[in-house]
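Enquirer: final.cif is reproduced in full below (mmCIF, C-alpha atoms).
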data_final
#
loop_
_atom_site.label_atom_id
_atom_site.label_comp_id
_atom_site.auth_asym_id
_atom_site.auth_seq_id
_atom_site.Cartn_x
_atom_site.Cartn_y
_atom_site.Cartn_z
CA MET A 1 17.96 54.07 -2.81
CA GLU A 2 19.06 51.20 -5.08
CA ALA A 3 20.45 52.31 -8.43
CA THR A 4 18.72 50.91 -11.50
CA ALA A 5 20.73 49.21 -14.24
CA PRO A 6 21.09 51.30 -17.39
CA ARG A 7 18.76 50.32 -20.20
CA ARG A 8 20.43 48.57 -23.13
CA THR A 9 20.03 49.91 -26.64
CA ARG A 10 18.70 47.74 -29.46
CA ILE A 11 22.24 47.33 -30.81
CA GLN A 12 23.52 46.24 -27.40
CA LYS A 13 20.72 43.70 -27.06
CA GLU A 14 21.46 42.33 -30.53
CA LYS A 15 25.16 42.04 -29.75
CA ARG A 16 24.46 40.20 -26.50
CA GLU A 17 22.17 37.78 -28.31
CA LEU A 18 24.82 37.22 -30.97
CA ILE A 19 27.38 36.41 -28.28
CA LEU A 20 25.02 34.07 -26.43
CA GLU A 21 24.12 32.23 -29.62
CA ALA A 22 27.82 31.77 -30.45
CA ALA A 23 28.58 30.71 -26.88
CA LEU A 24 25.80 28.12 -26.95
CA GLU A 25 27.43 26.54 -29.99
CA VAL A 26 30.90 26.58 -28.43
CA PHE A 27 29.87 25.42 -24.95
CA SER A 28 27.62 22.63 -26.24
CA ALA A 29 30.45 21.32 -28.43
CA ASN A 30 33.37 21.73 -26.00
CA GLY A 31 31.89 21.96 -22.52
CA PHE A 32 32.71 24.78 -20.11
CA ARG A 33 36.32 23.78 -19.56
CA GLY A 34 37.10 23.29 -23.23
CA ALA A 35 35.51 26.55 -24.36
CA THR A 36 37.45 29.82 -24.51
CA ILE A 37 36.57 33.46 -24.90
CA ASP A 38 38.59 33.50 -28.13
CA GLN A 39 36.49 30.67 -29.57
CA ILE A 40 33.26 32.43 -28.63
CA ALA A 41 34.46 35.74 -30.09
CA GLU A 42 35.43 34.01 -33.35
CA ALA A 43 32.07 32.21 -33.55
CA ALA A 44 30.31 35.55 -32.94
CA GLY A 45 32.38 37.27 -35.61
CA MET A 46 33.72 39.96 -33.30
CA SER A 47 36.96 40.86 -31.58
CA LYS A 48 37.75 39.62 -28.09
CA PRO A 49 37.82 43.18 -26.63
CA ASN A 50 34.44 43.86 -28.18
CA LEU A 51 33.00 40.70 -26.63
CA LEU A 52 34.46 41.58 -23.23
CA TYR A 53 32.60 44.89 -23.35
CA TYR A 54 29.35 42.90 -23.04
CA PHE A 55 30.52 40.04 -20.81
CA ARG A 56 33.55 40.41 -18.53
CA ARG A 57 34.24 36.69 -18.13
CA LYS A 58 33.48 33.32 -19.69
CA GLU A 59 31.69 32.47 -16.45
CA ASP A 60 29.26 35.36 -16.94
CA ILE A 61 28.30 34.11 -20.41
CA HIS A 62 27.86 30.55 -19.16
CA GLU A 63 25.78 31.66 -16.18
CA THR A 64 23.44 33.64 -18.44
CA LEU A 65 23.02 30.67 -20.76
CA MET A 66 22.37 28.24 -17.92
CA GLN A 67 19.75 30.48 -16.33
CA ARG A 68 17.96 30.80 -19.66
CA LEU A 69 18.26 27.07 -20.22
CA LEU A 70 16.79 26.21 -16.86
CA ASP A 71 13.87 28.57 -17.50
CA THR A 72 13.25 26.85 -20.84
CA TRP A 73 13.76 23.36 -19.42
CA LEU A 74 11.30 23.88 -16.59
CA ALA A 75 8.56 25.45 -18.70
CA PRO A 76 6.90 22.12 -19.68
CA LEU A 77 6.79 20.98 -16.05
CA ARG A 78 5.30 24.30 -14.95
CA GLU A 79 2.43 23.66 -17.39
CA LEU A 80 1.42 20.43 -15.62
CA ASP A 81 -2.05 21.47 -14.40
CA ASP A 82 -3.40 20.06 -11.15
CA VAL A 83 -7.01 20.66 -12.20
CA GLY A 84 -6.70 18.84 -15.53
CA ASP A 85 -7.22 15.16 -16.28
CA PRO A 86 -4.07 13.44 -14.93
CA LEU A 87 -3.38 11.14 -17.88
CA THR A 88 -4.03 13.94 -20.37
CA GLU A 89 -1.68 16.24 -18.44
CA LEU A 90 1.09 13.61 -18.28
CA ARG A 91 0.69 12.76 -21.97
CA ALA A 92 1.03 16.45 -22.84
CA TYR A 93 4.10 16.73 -20.61
CA ILE A 94 5.79 13.84 -22.42
CA ARG A 95 5.01 15.50 -25.77
CA ARG A 96 6.39 18.85 -24.65
CA LYS A 97 9.62 17.24 -23.40
CA LEU A 98 10.12 15.45 -26.72
CA GLU A 99 9.50 18.68 -28.60
CA MET A 100 12.29 20.24 -26.55
CA ALA A 101 14.60 17.34 -27.39
CA ARG A 102 13.83 17.98 -31.05
CA ASP A 103 14.07 21.78 -30.97
CA TYR A 104 16.85 22.40 -28.41
CA PRO A 105 19.56 19.74 -28.86
CA ARG A 106 22.44 22.13 -28.16
CA GLU A 107 20.85 23.33 -24.94
CA SER A 108 20.35 19.73 -23.88
CA ARG A 109 24.02 18.90 -24.49
CA LEU A 110 25.07 22.00 -22.57
CA PHE A 111 22.95 20.97 -19.59
CA ALA A 112 24.18 17.36 -19.74
CA ASN A 113 27.81 18.52 -19.84
CA GLU A 114 27.29 20.63 -16.74
CA ILE A 115 25.59 17.79 -14.85
CA LEU A 116 28.31 15.30 -15.79
CA GLN A 117 30.89 17.67 -14.30
CA GLY A 118 28.99 17.67 -11.00
CA ALA A 119 26.99 20.87 -11.70
CA PRO A 120 29.64 23.16 -10.13
CA ARG A 121 28.15 26.30 -11.67
CA ILE A 122 24.42 25.59 -11.37
CA MET A 123 24.04 23.67 -8.10
CA PRO A 124 22.21 26.60 -6.41
CA LEU A 125 19.69 26.56 -9.28
CA LEU A 126 19.21 22.79 -8.98
CA GLU A 127 18.82 22.89 -5.21
CA GLY A 128 16.59 25.96 -5.36
CA GLU A 129 14.36 26.68 -8.34
CA LEU A 130 14.46 23.18 -9.84
CA LYS A 131 13.84 21.33 -6.58
CA GLU A 132 11.02 23.65 -5.55
CA LEU A 133 9.19 23.08 -8.84
CA VAL A 134 9.70 19.32 -8.79
CA ASP A 135 8.49 19.17 -5.16
CA GLU A 136 5.38 21.13 -6.17
CA LYS A 137 4.54 18.91 -9.15
CA ALA A 138 5.40 15.70 -7.28
CA ALA A 139 2.79 16.76 -4.72
CA VAL A 140 0.26 17.23 -7.53
CA ILE A 141 0.98 13.75 -8.91
CA ARG A 142 0.84 12.23 -5.42
CA GLY A 143 -2.56 13.86 -4.94
CA TRP A 144 -3.80 12.21 -8.15
CA MET A 145 -2.53 8.88 -6.87
CA HIS A 146 -4.18 9.24 -3.46
CA ALA A 147 -7.44 10.09 -5.22
CA GLY A 148 -7.18 6.90 -7.28
CA ARG A 149 -6.91 8.81 -10.56
CA VAL A 150 -3.54 7.29 -11.49
CA ALA A 151 -1.75 4.16 -10.29
CA GLU A 152 0.50 4.41 -7.25
CA ALA A 153 4.18 5.11 -7.99
CA ASP A 154 6.98 7.31 -6.70
CA PRO A 155 6.24 10.69 -8.35
CA TYR A 156 9.90 11.75 -8.25
CA HIS A 157 11.08 8.66 -10.08
CA LEU A 158 8.23 9.09 -12.54
CA ILE A 159 9.47 12.60 -13.36
CA PHE A 160 13.09 11.38 -13.54
CA SER A 161 12.04 8.60 -15.94
CA ILE A 162 10.24 11.03 -18.23
CA TRP A 163 13.32 13.26 -18.25
CA ALA A 164 15.63 10.34 -19.03
CA THR A 165 13.59 8.83 -21.85
CA THR A 166 12.71 12.08 -23.59
CA GLN A 167 16.12 13.75 -23.28
CA HIS A 168 17.75 10.62 -24.73
CA TYR A 169 16.48 11.75 -28.14
CA ALA A 170 18.52 14.96 -27.85
CA ASP A 171 21.69 13.79 -26.10
CA PHE A 172 22.00 10.54 -28.08
CA ASP A 173 20.45 11.72 -31.34
CA VAL A 174 23.37 10.48 -33.45
CA GLN A 175 23.01 7.00 -31.96
CA VAL A 176 19.22 7.02 -32.39
CA ARG A 177 19.48 7.97 -36.07
CA ALA A 178 22.25 5.45 -36.72
CA VAL A 179 20.27 2.57 -35.20
CA LEU A 180 16.95 3.52 -36.82
CA GLY A 181 18.60 3.83 -40.21
CA PRO A 182 17.95 6.40 -42.95
CA GLU A 183 14.37 5.29 -43.57
CA ARG A 184 13.33 6.09 -39.97
CA SER A 185 15.78 8.78 -38.89
CA GLY A 186 13.83 11.84 -40.07
CA ASP A 187 11.71 14.10 -37.87
CA GLU A 188 9.05 11.39 -37.68
CA ARG A 189 11.31 9.55 -35.23
CA PHE A 190 10.04 11.97 -32.59
CA GLU A 191 6.43 11.07 -33.34
CA GLY A 192 7.33 7.40 -33.09
CA ALA A 193 9.04 8.08 -29.77
CA ALA A 194 6.03 10.03 -28.51
CA LEU A 195 3.60 7.23 -29.34
CA PHE A 196 5.80 4.64 -27.65
CA LEU A 197 6.48 6.69 -24.52
CA GLU A 198 2.82 7.63 -24.18
CA ARG A 199 1.89 3.95 -24.22
CA LEU A 200 4.73 3.06 -21.85
CA PHE A 201 3.91 5.69 -19.23
CA ILE A 202 0.18 6.23 -19.65
CA ASP A 203 -0.77 2.56 -19.78
CA GLY A 204 1.41 1.93 -16.74
CA LEU A 205 -0.26 4.77 -14.82
CA LYS A 206 -3.89 3.90 -15.53
CA PRO A 207 -5.68 3.04 -12.30
CA LYS A 208 -6.00 -0.70 -11.87
CA GLY A 209 -9.53 -1.99 -12.23
#
Starting from the coordinates I provided, produce the structure as structure tokens.

Expert:
Amino acid sequence: MEATAPRRTRIQKEKRELILEAALEVFSANGFRGATIDQIAEAAGMSKPNLLYYFRRKEDIHETLMQRLLDTWLAPLRELDDVGDPLTELRAYIRRKLEMARDYPRESRLFANEILQGAPRIMPLLEGELKELVDEKAAVIRGWMHAGRVAEADPYHLIFSIWATTQHYADFDVQVRAVLGPERSGDERFEGAALFLERLFIDGLKPKG
């Protein structure tokens, strides 16, 4: 009979969350290679031995963060509903992705850092959970196209393009704000981006004729 993991107390859960929050800051700023357990412990305001009581290795902290991140990152795509109006569903997906760029910039940088290094620690997640979901939603989009409800296009490259354009506002936020200038670099820049990207994608996907 398989042994069950011991239940964590409220204090233990709070400590783990404190460590993960500190690690997110350190990893997103320094990448996996540049981050150390000492830096994470200092950011969490605890001793290194205390931190190691909750996570044995830097890799364990990073793996937990990346799994959480992937769950968060995939949530908007999971919400793409095959029974809804296609253009309404795609417009909502673009909005949700921009909201994530606005609300989770550190997570976006952490993910980008991992990808730029060749995804050595999350490749099984990319080839498994991520690919399965993208395959499923690409099939939904292809079905809309075959039914004449949206214009023909490669559904995979459509999804990639939405990722690229929306995530730009998280990964290159400093550049975006610098170019827009102080009068346009507030939170309304995301609304401006949403309106532009909706027109770009939705107008391009409307069935011809």

Enquirer: Report, in Å to a single decimal, how far apart atom CA of Leu116 of chain A and atom CA of Phe55 of chain A are.

Expert: 25.3 Å

Enquirer: What residues come out when you apply the PyMOL selection byres ((chain A and resi 28) around 10) to this file, written as a list in words?

Expert: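 Selected by the PyMOL selection byres ((chain A and resi 28) around 10) here: Ala23, Leu24, Glu25, Val26, Phe27, Ala29, Asn30, Gly31, Phe32, Gly34, Ala35, Pro105, Arg106, Glu107, Ser108, Arg109, Leu110, Phe111, Ala112, Asn113 and Glu114 of chain A.
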
Enquirer: Write out, as a Markdown table, each residue of segment 14-121 of chain A that has an atom at most 9 Å from segment 155-164 of chain A, together with the closest pair of atoms and their distance in Å to one decimal, counting all atoms listed in the file, rows going by chain and rising number.

Expert:
| residue | atom | partner | partner_atom | distance |
| --- | --- | --- | --- | --- |
| A:Tyr93 | CA | A:Ile162 | CA | 8.7 |
| A:Ile94 | CA | A:Ile162 | CA | 6.7 |
| A:Lys97 | CA | A:Trp163 | CA | 7.5 |

Enquirer: Using only C-alpha atoms and a cutoff of 12 Å, can you tell me which residues are near (-7.8, 0.1, -11.1) in the file's coordinates, and write them out as number ranges by chain?

Expert: A: 145, 147-152, 203-209

Enquirer: Between A:Arg33, A:Lys137, A:Lys131, A:His62, which is the closest to Leu77 of chain A once you count all atoms listed in the file?

Expert: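 Once distances to Leu77 of chain A are computed over all atoms listed in the file, the minimum belongs to A:Lys137.
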
Enquirer: From the list A:Met123, A:Glu17, A:Glu79, A:Met66, which residue is nearest Leu51 of chain A when using all atoms listed in the file?

Expert: A:Glu17

Enquirer: Using all atoms listed in the file, can you tell me which of A:Thr72, A:Arg78, A:Thr88, A:Ala22 comes closest to Met46 of chain A?

Expert: A:Ala22

Enquirer: Hey, can you check how far atom CA of Ile115 of chain A sits from atom CA of Asp103 of chain A?

Expert: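 Interatomic distance, atom CA of Ile115 of chain A to atom CA of Asp103 of chain A: 20.2 Å.
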
Enquirer: Which is closest to Ile141 of chain A among A:Leu74, A:Glu89, A:Arg184, A:Asp173, if we use all atoms listed in the file?

Expert: A:Glu89
